[in-house]
file structure06.cif (mmCIF, C-alpha atoms)
data_coords
loop_
_atom_site.label_atom_id
_atom_site.label_comp_id
_atom_site.auth_asym_id
_atom_site.auth_seq_id
_atom_site.Cartn_x
_atom_site.Cartn_y
_atom_site.Cartn_z
CA MET A 13 289.63 73.62 24.86
CA GLN A 14 292.41 73.50 22.35
CA ASN A 15 293.39 70.36 20.47
CA ARG A 16 296.65 68.86 21.64
CA MET A 17 299.08 67.14 19.32
CA SER A 18 300.94 64.01 20.33
CA LYS A 19 304.60 64.75 20.93
CA ARG A 20 307.71 63.04 22.22
CA PRO A 21 310.75 65.17 23.19
CA VAL A 22 314.15 64.19 21.84
CA LEU A 23 317.32 64.97 23.80
CA VAL A 24 320.39 65.79 21.67
CA ASN A 25 323.79 65.69 23.41
CA ALA A 26 326.93 67.61 22.47
CA GLY A 27 328.05 64.79 20.21
CA GLY A 28 324.81 64.80 18.24
CA VAL A 29 323.53 61.56 19.76
CA THR A 30 319.77 61.58 20.18
CA GLU A 31 317.65 60.03 22.89
CA LYS A 32 313.86 59.80 22.73
CA LEU A 33 312.36 60.54 26.12
CA GLU A 34 309.60 58.35 27.52
CA ARG A 35 306.70 60.09 29.19
CA ILE A 36 305.81 58.95 32.71
CA SER A 37 302.13 58.83 33.52
CA LEU A 38 301.41 60.71 36.73
CA SER A 39 298.43 58.45 37.37
CA ASN A 40 300.20 55.09 37.43
CA GLY A 41 301.23 55.34 41.07
CA THR A 42 304.78 56.58 40.44
CA PHE A 43 303.87 60.03 41.73
CA GLN A 44 301.55 61.41 44.38
CA GLU A 45 299.90 64.82 44.38
CA ASN A 46 302.24 65.74 47.21
CA TRP A 47 305.18 65.37 44.80
CA ILE A 48 303.61 67.95 42.45
CA GLN A 49 302.90 70.33 45.34
CA GLU A 50 306.48 70.17 46.59
CA LEU A 51 307.82 70.67 43.08
CA LEU A 52 305.64 73.73 42.52
CA GLU A 53 306.65 75.15 45.90
CA LYS A 54 310.37 74.86 45.08
CA GLU A 55 310.00 76.04 41.47
CA PRO A 56 306.94 78.28 41.03
CA SER A 57 308.32 79.30 37.63
CA ILE A 58 307.10 75.94 36.29
CA LEU A 59 303.61 77.43 36.33
CA PRO A 60 303.11 79.34 33.05
CA THR A 61 301.24 82.20 34.71
CA ALA A 62 302.95 84.90 32.63
CA GLU A 63 301.42 83.35 29.51
CA ILE A 64 297.99 84.03 31.01
CA ASP A 65 298.81 87.59 32.05
CA PRO A 66 302.12 89.19 33.21
CA ILE A 67 300.34 90.51 36.32
CA PHE A 68 300.43 86.93 37.69
CA ALA A 69 304.22 86.56 37.51
CA PRO A 70 306.71 86.01 39.02
CA LEU A 71 305.26 84.08 41.95
CA ILE A 72 306.07 84.16 45.66
CA CYS A 73 304.94 81.04 47.51
CA LEU A 74 302.82 81.96 50.52
CA ALA A 75 302.21 78.42 51.74
CA ARG A 76 301.11 74.87 50.97
CA GLU A 77 298.07 73.02 52.31
CA VAL A 78 296.31 76.19 53.48
CA ARG A 79 293.27 75.25 55.55
CA LEU A 80 289.88 76.73 54.64
CA ASP A 81 286.32 76.50 55.91
CA VAL A 82 284.03 75.82 52.95
CA ASP A 83 280.92 73.79 52.17
CA GLU A 84 279.03 74.70 55.35
CA GLY A 85 281.81 73.88 57.74
CA LYS A 86 283.52 71.10 55.79
CA GLY A 87 287.21 71.93 55.70
CA GLY A 88 289.25 72.24 52.54
CA ARG A 89 292.89 72.93 51.81
CA ILE A 90 294.51 75.02 49.09
CA ASP A 91 297.37 72.92 47.72
CA ASN A 92 299.64 75.83 46.75
CA LEU A 93 299.03 79.54 47.39
CA TYR A 94 301.05 82.34 45.77
CA ILE A 95 301.09 86.09 45.26
CA SER A 96 302.70 88.17 42.53
CA PRO A 97 304.62 91.45 43.03
CA LYS A 98 301.72 93.21 41.31
CA GLY A 99 299.47 92.11 44.20
CA TYR A 100 297.49 89.29 42.58
CA VAL A 101 296.73 86.04 44.42
CA VAL A 102 297.23 82.75 42.57
CA VAL A 103 295.52 79.59 43.84
CA VAL A 104 296.74 76.19 42.62
CA GLU A 105 294.89 72.91 43.03
CA THR A 106 296.80 69.78 42.01
CA LYS A 107 294.89 66.75 40.82
CA LEU A 108 295.84 63.35 39.45
CA TRP A 109 292.93 61.98 37.44
CA ARG A 110 292.64 58.46 38.81
CA ASN A 111 288.85 58.59 38.59
CA PRO A 112 286.39 60.54 36.40
CA GLU A 113 284.56 61.99 39.41
CA ALA A 114 287.69 63.82 40.51
CA ARG A 115 287.82 65.59 37.15
CA ARG A 116 284.32 66.99 37.60
CA GLU A 117 284.59 67.90 41.27
CA VAL A 118 287.90 69.77 41.22
CA VAL A 119 286.52 72.72 39.24
CA GLY A 120 283.73 73.29 41.75
CA GLN A 121 286.21 72.80 44.58
CA ILE A 122 288.63 75.52 43.47
CA LEU A 123 285.75 77.90 42.77
CA ASP A 124 284.52 77.36 46.34
CA TYR A 125 288.02 78.31 47.49
CA ALA A 126 287.75 81.50 45.43
CA LYS A 127 284.58 82.53 47.24
CA GLU A 128 286.27 81.94 50.60
CA ILE A 129 289.37 83.95 49.67
CA ARG A 130 287.22 86.92 48.73
CA GLY A 131 286.52 87.38 52.43
CA TRP A 132 290.23 87.63 53.27
CA ASP A 133 292.45 90.70 53.54
CA TYR A 134 296.18 91.46 53.33
CA GLU A 135 296.70 90.72 57.00
CA LYS A 136 295.34 87.21 56.45
CA LEU A 137 297.83 86.59 53.63
CA ASP A 138 300.69 87.94 55.74
CA THR A 139 299.69 85.67 58.62
CA ILE A 140 299.56 82.65 56.30
CA TYR A 141 303.07 83.43 55.04
CA LYS A 142 304.55 83.91 58.52
CA SER A 143 302.89 80.78 59.93
CA TYR A 144 304.18 78.61 57.12
CA HIS A 145 307.72 79.89 56.61
CA LYS A 146 308.57 80.77 60.23
CA ASP A 147 311.63 82.76 59.11
CA GLY A 148 310.80 85.92 61.05
CA LYS A 149 310.00 87.84 57.87
CA SER A 150 306.76 89.36 56.70
CA LEU A 151 305.42 88.89 53.20
CA PHE A 152 306.49 92.37 52.18
CA ASP A 153 309.95 91.84 53.71
CA VAL A 154 310.44 89.00 51.24
CA LEU A 155 309.26 91.07 48.27
CA VAL A 156 311.82 93.73 49.21
CA ALA A 157 314.59 91.17 49.83
CA VAL A 158 314.27 89.64 46.35
CA GLY A 159 314.12 93.07 44.71
CA TYR A 160 310.48 93.12 43.61
CA LYS A 161 309.51 96.05 45.85
CA LYS A 162 311.06 99.06 47.61
CA PRO A 163 310.41 99.67 51.34
CA GLU A 164 308.48 102.88 50.64
CA GLU A 165 306.01 100.97 48.42
CA GLU A 166 304.50 98.89 51.24
CA ALA A 167 301.35 100.96 51.81
CA GLY A 168 300.56 101.06 48.10
CA PHE A 169 301.13 97.32 47.72
CA ILE A 170 298.83 96.49 50.65
CA ASP A 171 296.14 98.73 49.19
CA ILE A 172 296.34 97.04 45.76
CA VAL A 173 296.17 93.56 47.32
CA GLN A 174 293.11 94.53 49.37
CA LYS A 175 291.32 95.86 46.28
CA ASN A 176 292.20 92.80 44.20
CA ILE A 177 290.86 90.46 46.87
CA ARG A 178 287.61 92.40 47.26
CA ALA A 179 287.02 92.31 43.51
CA ALA A 180 288.14 88.66 43.27
CA ARG A 181 290.88 89.59 40.84
CA PHE A 182 292.96 86.46 41.16
CA LEU A 183 294.04 83.43 39.18
CA LEU A 184 292.76 79.92 39.86
CA MET A 185 294.89 77.17 38.34
CA ILE A 186 294.22 73.43 38.23
CA VAL A 187 297.39 71.43 37.62
CA GLY A 188 297.33 67.75 36.76
CA ASP A 189 298.18 65.06 34.27
CA GLY A 190 295.13 65.25 32.00
CA ILE A 191 292.56 68.04 32.05
CA ARG A 192 289.49 66.92 30.10
CA GLU A 193 286.22 67.61 31.90
CA GLY A 194 284.44 70.13 34.12
CA VAL A 195 284.40 73.14 31.81
CA GLU A 196 280.59 73.19 31.75
CA LYS A 197 280.44 73.61 35.51
CA LEU A 198 282.94 76.45 35.27
CA ALA A 199 280.80 78.25 32.67
CA ASP A 200 277.65 77.87 34.79
CA TYR A 201 279.39 79.33 37.82
CA MET A 202 280.82 82.28 35.92
CA ASN A 203 277.35 83.11 34.56
CA GLU A 204 275.94 83.10 38.09
CA SER A 205 278.73 85.27 39.51
CA PRO A 206 279.31 88.26 37.18
CA ASP A 207 281.02 90.24 39.94
CA MET A 208 283.78 87.66 40.35
CA GLN A 209 286.64 88.76 38.10
CA HIS A 210 288.99 85.86 38.63
CA ARG A 211 290.41 83.79 35.81
CA LEU A 212 290.75 80.03 35.69
CA ALA A 213 293.51 78.11 33.91
CA LEU A 214 294.01 74.39 33.40
CA CYS A 215 297.62 73.26 33.21
CA GLU A 216 298.83 69.79 32.29
CA LEU A 217 302.22 68.62 33.51
CA GLU A 218 304.14 66.21 31.30
CA VAL A 219 306.99 64.33 33.00
CA TYR A 220 309.66 62.50 30.98
CA GLU A 221 312.32 60.01 32.13
CA MET A 222 315.93 60.97 31.41
CA ALA A 223 319.22 59.15 31.81
CA GLY A 224 320.62 58.90 35.32
CA GLY A 225 317.23 59.14 36.96
CA SER A 226 316.65 62.79 36.02
CA ARG A 227 313.23 63.95 34.89
CA LEU A 228 312.06 66.61 32.48
CA VAL A 229 308.87 68.48 33.47
CA VAL A 230 306.96 70.30 30.72
CA PRO A 231 303.92 72.47 31.62
CA GLN A 232 301.19 72.99 29.04
CA LEU A 233 298.18 75.28 29.29
CA THR A 234 295.08 73.52 28.02
CA LEU A 235 292.54 76.23 28.88
CA LYS A 236 292.50 79.79 30.13
CA THR A 237 289.41 81.91 30.66
CA ASN A 238 289.26 85.66 30.15
CA ILE A 239 286.78 88.20 31.45
CA ILE A 240 284.58 89.38 28.58
CA GLU A 241 282.89 92.74 29.08
CA ARG A 242 279.27 93.18 28.06
CA GLY A 243 278.98 93.97 24.37
CA ILE A 244 276.93 93.49 21.25
CA ILE A 245 277.44 90.40 19.09
CA ARG A 246 276.56 90.79 15.42
CA VAL A 247 276.71 88.38 12.49
CA GLU A 248 277.41 90.05 9.17
CA GLY A 249 278.16 88.17 5.98
CA GLY A 250 279.05 85.04 7.91
CA GLU A 251 281.44 86.88 10.23
CA ILE A 252 281.02 87.20 13.99
CA LYS A 253 281.74 90.68 15.32
CA ILE A 254 281.89 91.79 18.96
CA GLU A 255 281.40 95.48 19.71
CA VAL A 256 282.63 96.58 23.13
CA SER A 257 282.96 100.35 22.86
CA ASP A 258 283.16 103.26 20.46
CA GLU A 259 286.80 102.54 19.68
CA GLN A 260 287.61 99.07 18.43
CA GLU A 261 289.89 97.09 16.21
CA GLU A 262 289.14 93.80 14.50
CA LYS A 263 291.72 91.11 13.82
CA PRO A 264 291.14 87.87 11.90
CA VAL A 265 291.43 84.71 13.96
CA ALA A 266 291.59 81.34 12.23
CA CYS A 267 288.69 78.97 12.93
CA ARG A 268 287.89 75.41 11.92
CA GLY A 269 288.04 74.56 8.25
CA ASN A 270 288.37 77.53 5.93
CA SER A 271 286.09 79.87 7.88
CA TYR A 272 287.24 82.88 9.84
CA ALA A 273 285.78 85.01 12.61
CA SER A 274 286.49 88.73 12.87
CA VAL A 275 287.12 89.11 16.59
CA TYR A 276 287.86 92.22 18.63
CA VAL A 277 291.08 91.70 20.64
CA PRO A 278 291.41 93.94 23.74
CA LEU A 279 294.50 94.76 25.74
CA SER A 280 294.79 93.17 29.15
CA LYS A 281 294.89 95.58 32.07
CA GLU A 282 298.62 94.99 32.49
CA GLU A 283 299.27 95.59 28.78
CA PHE A 284 297.24 98.79 28.88
CA ILE A 285 299.20 100.10 31.89
CA ILE A 286 302.53 99.37 30.19
CA GLU A 287 301.40 101.11 26.99
CA PHE A 288 300.02 104.08 28.93
CA VAL A 289 303.22 104.63 30.92
CA HIS A 290 305.25 104.33 27.72
CA SER A 291 303.29 107.21 26.16
CA HIS A 292 303.00 109.29 29.37
CA THR A 293 306.50 109.69 30.77
CA GLY A 294 305.35 111.64 33.83
CA ILE A 295 302.96 108.97 35.15
CA SER A 296 304.08 105.74 36.86
CA GLU A 297 302.49 102.30 36.65
CA ASP A 298 301.30 102.57 40.25
CA THR A 299 299.67 105.95 39.56
CA ILE A 300 297.58 104.82 36.57
CA SER A 301 296.81 101.47 38.23
CA THR A 302 295.56 103.23 41.38
CA PHE A 303 293.42 105.59 39.30
CA LEU A 304 291.71 102.74 37.48
CA GLU A 305 291.12 100.84 40.71
CA ASP A 306 289.70 103.93 42.42
CA VAL A 307 287.28 104.39 39.51
CA GLU A 308 286.17 100.77 39.89
CA ASP A 309 285.81 101.16 43.65
CA LEU A 310 283.30 103.96 43.01
CA GLY A 311 281.16 101.45 41.12
CA PHE A 312 282.17 102.32 37.56
CA GLN A 313 283.26 99.75 34.99
CA VAL A 314 286.66 99.83 33.31
CA SER A 315 286.90 97.76 30.15
CA PHE A 316 289.77 97.59 27.69
CA THR A 317 289.79 97.98 23.93
CA SER A 318 292.76 97.38 21.64
CA ARG A 319 294.08 100.85 22.52
CA SER A 320 292.16 102.32 25.44
CA ALA A 321 290.54 101.94 28.83
CA SER A 322 286.84 102.73 28.58
CA VAL A 323 285.06 104.03 31.70
CA SER A 324 281.30 103.59 31.99
CA LEU A 325 278.50 103.33 34.54
CA TYR A 326 276.31 100.23 34.46
CA LEU A 327 272.71 100.72 35.60
CA GLN A 328 271.63 97.40 37.03
CA SER A 329 267.94 98.33 37.15
CA LEU A 330 267.86 99.08 33.42
CA HIS A 331 270.54 96.60 32.33
CA ALA A 332 272.10 99.53 30.48
CA ASN A 333 275.55 101.06 30.21
CA ILE A 334 276.49 104.76 30.08
CA ALA A 335 279.89 105.26 28.40
CA LEU A 336 281.65 108.33 29.80
CA PHE A 337 285.26 108.68 28.67
CA GLN A 338 288.22 106.86 27.14
CA VAL A 339 291.81 106.82 28.41
CA VAL A 340 294.06 106.12 25.44
CA GLY A 341 297.07 103.98 26.30
CA LYS A 342 298.23 102.90 22.86
CA PRO A 343 297.69 105.78 20.43
CA LYS A 344 297.50 105.33 16.69
CA ALA A 345 300.32 106.68 14.55
CA ASP A 346 300.39 110.51 14.51
CA HIS A 347 297.85 110.63 17.37
CA GLU A 348 298.41 111.65 20.98
CA ALA A 349 297.53 109.46 23.96
CA ASP A 350 294.59 111.54 25.14
CA ILE A 351 291.74 111.21 27.60
CA TRP A 352 288.64 112.02 25.57
CA PHE A 353 284.86 112.09 25.60
CA VAL A 354 282.05 113.28 23.33
CA PRO A 355 279.35 115.27 25.20
CA ALA A 356 276.69 114.57 22.55
CA ARG A 357 277.03 110.83 23.08
CA ILE A 358 276.43 111.16 26.83
CA TYR A 359 273.43 113.43 26.21
CA LYS A 360 271.98 110.96 23.70
CA ARG A 361 272.48 107.97 26.01
CA LEU A 362 270.70 109.59 28.95
CA ARG A 363 267.82 110.78 26.76
CA THR A 364 267.44 107.22 25.46
CA LEU A 365 267.25 105.95 29.05
CA GLY A 366 264.73 108.61 30.04
CA TYR A 367 266.96 110.80 32.22
CA SER A 368 267.16 114.59 32.34
CA GLU A 369 269.78 116.45 30.33
CA GLU A 370 270.48 118.47 33.49
CA ILE A 371 272.46 115.46 34.79
CA VAL A 372 274.85 115.74 31.84
CA LYS A 373 275.08 119.52 32.14
CA SER A 374 276.04 119.16 35.80
CA LEU A 375 278.71 116.56 34.94
CA LEU A 376 280.19 118.70 32.16
CA ASN A 377 280.28 121.69 34.49
CA ASP A 378 282.13 119.57 37.08
CA TRP A 379 284.61 118.59 34.38
CA ARG A 380 285.30 122.15 33.26
CA PRO A 381 288.39 122.59 35.53
CA PHE A 382 289.92 119.43 34.02
CA LEU A 383 289.19 120.33 30.39
CA LYS A 384 291.85 121.10 27.82
CA GLY A 385 290.55 124.30 26.28
CA GLU A 386 286.86 125.18 26.28
CA TYR A 387 283.62 123.40 25.42
CA GLY A 388 282.64 123.69 21.78
CA ASP A 389 280.55 121.55 19.45
CA ASN A 390 279.08 118.80 21.63
CA ALA A 391 279.37 116.32 18.76
CA LYS A 392 283.14 116.69 18.64
CA PHE A 393 285.87 115.15 20.79
CA HIS A 394 286.76 116.96 24.02
CA PHE A 395 289.89 116.23 26.03
CA LEU A 396 290.68 116.02 29.75
CA ASN A 397 294.02 116.85 31.35
CA GLU A 398 296.28 114.00 32.44
CA ALA A 399 296.27 115.56 35.91
CA ILE A 400 292.95 113.79 36.63
CA ILE A 401 295.05 110.64 37.01
CA SER A 402 297.57 112.18 39.41
CA THR A 403 297.40 115.60 41.08
CA GLN A 404 293.69 116.23 40.39
CA ARG A 405 292.55 112.64 40.92
CA THR A 406 290.64 113.29 44.14
CA GLU A 407 288.63 116.16 42.64
CA PHE A 408 287.89 114.22 39.44
CA LEU A 409 286.77 111.13 41.34
CA ALA A 410 284.44 113.35 43.37
CA SER A 411 282.80 114.49 40.11
CA LEU A 412 282.18 110.86 39.14
CA GLU A 413 280.71 110.13 42.55
CA ARG A 414 278.31 113.08 42.23
CA PHE A 415 277.27 111.88 38.76
CA LYS A 416 276.51 108.41 40.10
CA THR A 417 274.16 109.74 42.80
CA ASN A 418 271.65 110.63 40.06
CA PHE A 419 270.85 106.97 39.37
#

call {"tool": "encode", "arguments": {"input": "structure06.cif", "output": "structure tokens"}}
result
Amino acid sequence: MQNRMSKRPVLVNAGGVTEKLERISLSNGTFQENWIQELLEKEPSILPTAEIDPIFAPLICLAREVRLDVDEGKGGRIDNLYISPKGYVVVVETKLWRNPEARREVVGQILDYAKEIRGWDYEKLDTIYKSYHKDGKSLFDVLVAVGYKKPEEEAGFIDIVQKNIRAARFLLMIVGDGIREGVEKLADYMNESPDMQHRLALCELEVYEMAGGSRLVVPQLTLKTNIIERGIIRVEGGEIKIEVSDEQEEKPVACRGNSYASVYVPLSKEEFIIEFVHSHTGISEDTISTFLEDVEDLGFQVSFTSRSASVSLYLQSLHANIALFQVVGKPKADHEADIWFVPARIYKRLRTLGYSEEIVKSLLNDWRPFLKGEYGDNAKFHFLNEAIISTQRTEFLASLERFKTNF
């Protein structure tokens, strides 16, 4: 949790006259949680979701007070429910901290909602939208009307939403007037649910009184969680280093006092897609996004470095990872944005785990039609054609599926 500095906004009019604004406590009875919910419904842009990840913005309000069935039949309600044009669900729980117990319970509450939502599908979201708005439009009709989607993109959008829900790729946001407790419960839950890929953010709303009865609302993120892929943590010379894959970049991040930690900073999925499309003019965002999601649907892991998407297979029985190939989205200067792998590394990994080299030989043979050039020194980089992402995607995915059947 970051430290927050005391601040007091000052309003300066055209004549240079200043006015110090007084903050209104949301917990003193002036406001009710319903006031926050209505405000966030009318102006979803108040929520700083783009600061967490651009995939969660802008927001379309699906409904308020969405009824759920959680806690063994005890009903719950989602205060505000949204979706982004990229197909990511955003769940908002508003809470005024009038008692310490509420601070601890709300984290568990919104995480229970997350587990319930994972059993939904696109049709459920569309029904929620239609039931609440009653304007005769479907959810996708609205996305088209405001210019976020084209009519011909409906099937692709539905598919992305379905995949995101199944993998629990959504944002949970707690919005209130003072977020201070409950982080421990969040950490415990995340450790128990490694397959849940949602993020959680805590947002504090500051409300200030202005002349004429107007009010200024200032949102402030106080915590956001990120998914951290499995890696190796090393301590060298007093520095903490996190190794995620073969390709990495370290950037210094200031810590307390005069100490520093050397921390690997990966791209987000959205950032990777943007970088990839920028360096591959013939491939659209939807095409690369669909490819990555299809790879994940086959049971492979996609993690992101500072420049690439790394594809690997995690063997649960051995608690071991087999790195297969890298898709470069943000190439270094004077380098091409390639899709590469090193055969010797795959051979070495399988030998270490006690598997036959014939598995690797079969995989490399399957990859031969997608190879740029011919196989050479196994210790050197080999490159795959970009067509595996588009026109040859089905055949390439079939090769991955065959590889997986060996484990």

call {"tool": "residues_around", "arguments": {"input": "structure06.cif", "residues": "Ser324 of chain A", "least_positions_apart": "6", "cutoff": "6 Å", "atoms": "only C-alpha atoms", "output": "mmCIF file with C-alpha atoms, keeping the file's coordinate frame"}}
result
data_model
loop_
_atom_site.group_PDB
_atom_site.id
_atom_site.type_symbol
_atom_site.label_atom_id
_atom_site.label_comp_id
_atom_site.auth_asym_id
_atom_site.auth_seq_id
_atom_site.Cartn_x
_atom_site.Cartn_y
_atom_site.Cartn_z
ATOM 1 C CA PHE A 312 282.170 102.320 37.560
ATOM 2 C CA GLN A 313 283.260 99.750 34.990
ATOM 3 C CA ILE A 334 276.490 104.760 30.080
ATOM 4 C CA ALA A 335 279.890 105.260 28.400
ATOM 5 C CA LEU A 336 281.650 108.330 29.800
#

call {"tool": "axis_aligned_box", "arguments": {"input": "structure06.cif", "around": "segment 305-314 of chain A", "padding_each_side": "8 Å", "output": "AutoDock Vina command-line options"}}
result
--center_x 286.1 --center_y 102.1 --center_z 38.5 --size_x 26.0 --size_y 20.6 --size_z 26.3

call {"tool": "closest_residue", "arguments": {"input": "structure06.cif", "among": "A:Val173, A:Leu59, A:Leu93, A:Leu51", "to": "Leu214 of chain A", "atoms": "only C-alpha atoms"}}
result
A:Leu59

call {"tool": "resolve_selection", "arguments": {"input": "structure06.cif", "expression": "the PyMOL selection byres ((chain A and resi 179) around 12)", "output": "PyMOL selection string"}}
result
chain A and resi 100-101+126-127+129-133+172-178+180-182+205-211+305-306+308-309+311+313

call {"tool": "atom_distance", "arguments": {"input": "structure06.cif", "atom1": "atom CA of Glu398 of chain A", "atom2": "atom CA of Phe382 of chain A"}}
result
8.5 Å

call {"tool": "atom_distance", "arguments": {"input": "structure06.cif", "atom1": "atom CA of Ser301 of chain A", "atom2": "atom CA of Met185 of chain A"}}
result
24.4 Å

call {"tool": "atom_distance", "arguments": {"input": "structure06.cif", "atom1": "atom CA of Arg35 of chain A", "atom2": "atom CA of Leu184 of chain A"}}
result
26.5 Å

call {"tool": "resolve_selection", "arguments": {"input": "structure06.cif", "expression": "the PyMOL selection byres ((chain A and resi 232) around 7)", "output": "list in words"}}
result
Cys215, Glu216, Leu217, Val230, Pro231, Leu233 and Thr234 of chain A

call {"tool": "residues_around", "arguments": {"input": "structure06.cif", "residues": "Thr406 of chain A", "least_positions_apart": "5", "cutoff": "12 Å", "atoms": "only C-alpha atoms", "output": "count of residues only"}}
result
12

call {"tool": "resolve_selection", "arguments": {"input": "structure06.cif", "expression": "the PyMOL selection byres ((chain A and resi 54-56) around 9)", "output": "CSV table (one decimal) with C-alpha atoms, in the frame of the given file"}}
result
chain,number,residue,atom,x,y,z
A,49,GLN,CA,302.9,70.3,45.3
A,50,GLU,CA,306.5,70.2,46.6
A,51,LEU,CA,307.8,70.7,43.1
A,52,LEU,CA,305.6,73.7,42.5
A,53,GLU,CA,306.6,75.2,45.9
A,57,SER,CA,308.3,79.3,37.6
A,58,ILE,CA,307.1,75.9,36.3
A,59,LEU,CA,303.6,77.4,36.3
A,60,PRO,CA,303.1,79.3,33.0
A,70,PRO,CA,306.7,86.0,39.0
A,71,LEU,CA,305.3,84.1,42.0
A,72,ILE,CA,306.1,84.2,45.7
A,73,CYS,CA,304.9,81.0,47.5
A,94,TYR,CA,301.0,82.3,45.8

call {"tool": "closest_residue", "arguments": {"input": "structure06.cif", "among": "A:Leu228, A:Ala321, A:Leu74, A:Val22", "to": "Ser143 of chain A", "atoms": "only C-alpha atoms"}}
result
A:Leu74

call {"tool": "residues_around", "arguments": {"input": "structure06.cif", "residues": "Phe395 of chain A", "least_positions_apart": "6", "cutoff": "9 Å", "atoms": "all atoms listed in the file", "output": "VMD selection string"}}
result
chain A and resid 350 to 354 382 to 385

call {"tool": "closest_residue", "arguments": {"input": "structure06.cif", "among": "A:Leu376, A:Ile285, A:Ala62, A:Leu362", "to": "Ala332 of chain A", "atoms": "all atoms listed in the file"}}
result
A:Leu362

call {"tool": "closest_residue", "arguments": {"input": "structure06.cif", "among": "A:Gly341, A:Gly88, A:Gly225, A:Gly120", "to": "Ile186 of chain A", "atoms": "all atoms listed in the file"}}
result
A:Gly120

call {"tool": "closest_residue", "arguments": {"input": "structure06.cif", "among": "A:Tyr367, A:Phe284, A:Tyr326, A:Phe316", "to": "Ile67 of chain A", "atoms": "all atoms listed in the file"}}
result
A:Phe284

call {"tool": "residues_around", "arguments": {"input": "structure06.cif", "residues": "segment 147-155 of chain A", "least_positions_apart": "6", "cutoff": "9 Å", "atoms": "all atoms listed in the file", "output": "VMD selection string"}}
result
chain A and resid 72 74 97 137 to 139 141 161 to 163 166 169 to 170

call {"tool": "closest_residue", "arguments": {"input": "structure06.cif", "among": "A:Pro343, A:Val323, A:Asn397, A:Arg414", "to": "Asn377 of chain A", "atoms": "only C-alpha atoms"}}
result
A:Arg414
